[in-house]
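Trainee: Here's a structure for you.
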Amino acid sequence: MMQMRRAADRGQADFGWLKSAHTFSFGQYMDPRFRGFRDLLVINDDRVTPGRGFGTHGHSDMEIISYVLDGEIEHRDSLGNGEVLRVGEVQRMSAGTGIRHSEFNPSQDKGLHFLQMWVLPERAGLKPSYEQKSFPVEERRGRWQTLVSPDGADGSLLIHQDVRLLGTLLLEGDVVEYEVPSARYAWLHVATGEVTVNGVTCQAGDGAAVAAPETLRLQGVARSEVILFDLR
């Protein structure tokens with residue numbers, strides 16, 4: 001079974017320097033129908049103007065994933081990490097007992113477009129940690145690549161929850177399938193471009209909740225990046 005969540009129906013926030021679309025309830029946007037899905041609580045589609053960003057702020061007991069679509073993120077945190085996250089790179093930050101960080105668009109002339117996603121951890125009180133890795137987009141054309149997993153499978157980032165994040169790149173005509181395992185769920189999100197999912201046209205920002213048994217068949221209509229969460 002598949003239930004669509006269209007991009008135009010998401011919550012919207014506009015702070016001038018930040019334009020954000022919320023797939024699930026977040027901040028001032030509250031929708032009792034969309035308060036996360038399984039252990040996935042947040043998918044924010046963020047666009048940050050040049051030279052601006054999120055000042056130092058804190059998190060706890062949350063697994064936070066950032067996925068850059070265009071531009072760069074300059075990250076600094078209370079663990080001493082200072083990194084730049086670029087297109088094709090994914091970041092996982094386990095807030096655990098508490099972490100403070102900032103995220104800025106370091107460019108003075110180019111916007112930043114990225115996805116920020118929050119997942120509930122397996123338990124509270126974990127030791128805070130940080131990890132990022134490059135996953136060149138072209139290397140996952142027409143196939144699913146594991147980006148984040150609880151066991152670090154295939155060189156993926158490690159997350160403290162029974163969830164897997166996979167990504168694929170589809171050009172026009174490319175086809176990829178995903179069979180949702182028995183007793184599992186999935187959330188599909190079209191990050192860029194346009195695809196069909198089981199014959200349904202989906203554009204950038206569209207998402208879908210999926211429950212097993214279901215085989216998803218995606219076909220590229222235009223160059224598209226798609227991510228999928230496999231959830232308990």
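We name chains A, B, ... following the order of the structure tokens; residues begin at 1 in each chain, and ligands are numbered from 1 as shown.
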If you count only C-alpha atoms, which residues fall within 12 Å of Tyr29 (chain A), apart from same-chain ones fewer than 2 positions away, as a PyMOL selection string?
Mentor: chain A and resi 9-14+20-27+31-35+42+44
Trainee: Would you give me, as JSON lines, each residue of region 21-122 of chain A having an atom within 9 Å of an atom of region 175-188 of chain A, along with its shortest atom pair and that distance in Å to one decimal, using only C-alpha atoms and sorting by chain and residue number?
Mentor:
```
{"residue": "A:Phe37", "atom": "CA", "partner": "A:Trp187", "partner_atom": "CA", "distance": 7.7}
{"residue": "A:Arg38", "atom": "CA", "partner": "A:Tyr185", "partner_atom": "CA", "distance": 8.0}
{"residue": "A:Leu40", "atom": "CA", "partner": "A:Trp187", "partner_atom": "CA", "distance": 8.5}
```
Trainee: Any chance you could list, as a PyMOL selection string, the residues in region 29-225 of chain A that come up helix (DSSP H, G or I) when DSSP is run on the backbone?
Mentor: chain A and resi 137-140+153-155
Trainee: Find the residues around Arg140 (chain A) up to 7 Å (only C-alpha atoms counted), leave out those fewer than 5 positions away in its own chain, and share them as a list in words.
Mentor: Gln145, Thr168 and Leu169 of chain A
Trainee: Export, as a compact mmCIF listing (two decimals), in the first residue's frame, the selected residues with C-alpha atoms.
Mentor:
```txt
# COMPACT_ATOMS: atom_id res chain seq x y z
CA GLN A 145 23.11 2.59 -2.79
CA THR A 168 19.50 6.39 -6.38
CA LEU A 169 20.04 8.57 -9.45
```
Trainee: Considering only C-alpha atoms, return as a list in words whatever protein or nucleic-acid residues lie within 8 Å of Ala124 (chain A), sequence-local ones (same chain, fewer than 3 positions apart) excluded.
Mentor: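 So, after excluding close chain neighbours, the residues are Asp61, Gly96, Thr97 and Pro121 of chain A.
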Trainee: Could those residues be written to a file, using C-alpha atoms, as a PDB file, in the first residue's frame?
Mentor:
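Output file again-v4.pdb follows:
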```
ATOM      1  CA  ASP A  61      18.599  12.212  21.665  1.00  0.00           C
ATOM      2  CA  GLY A  96      22.821  11.686  22.193  1.00  0.00           C
ATOM      3  CA  THR A  97      23.338  13.294  25.604  1.00  0.00           C
ATOM      4  CA  PRO A 121      17.584   6.817  18.196  1.00  0.00           C
TER       5      PRO A 121
END
```
Trainee: Enumerate, in order of chain and increasing residue number, the residues of region 3-42 of chain A with an atom no farther than 10 Å from region 192-204 of chain A, each with its shortest atom pair and distance in Å to one decimal, counting only C-alpha atoms, as a tab-separated table.
Mentor:
```
residue	atom	partner	partner_atom	distance
A:Met4	CA	A:Cys202	CA	9.0
A:Arg5	CA	A:Cys202	CA	9.8
A:Arg6	CA	A:Cys202	CA	8.1
A:Ala7	CA	A:Ala204	CA	7.1
```
Trainee: Please measure the separation of CA of Val48 (chain A) and CA of Pro128 (chain A), giving the value in Å to one decimal.
Mentor: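 So the answer is 26.0 Å.
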Trainee: Need the shell around Met2 (chain A): protein/DNA/RNA residues with any atom at most 7 Å away, counting only C-alpha atoms. Skip same-chain ones fewer than 4 positions apart. Format as a list in words?
Mentor: Ala208, Ala209, Val210 and Ala211 of chain A
Trainee: Find the residues near Gly80 (chain A): any atom within 12 Å, counting only C-alpha atoms, skip ones fewer than 6 places away on the same chain, and give them as a PDB file with C-alpha atoms, in the first residue's frame.
Mentor:
```
ATOM      1  CA  ILE A  99      25.599  18.400  21.107  1.00  0.00           C
ATOM      2  CA  ARG A 100      25.771  21.994  19.878  1.00  0.00           C
ATOM      3  CA  HIS A 101      26.455  22.861  16.260  1.00  0.00           C
ATOM      4  CA  SER A 102      26.135  25.486  13.545  1.00  0.00           C
ATOM      5  CA  PRO A 128      27.344  12.148  20.825  1.00  0.00           C
ATOM      6  CA  SER A 129      29.190  11.433  17.571  1.00  0.00           C
ATOM      7  CA  TYR A 130      29.652  12.750  14.050  1.00  0.00           C
TER       8      TYR A 130
END
```
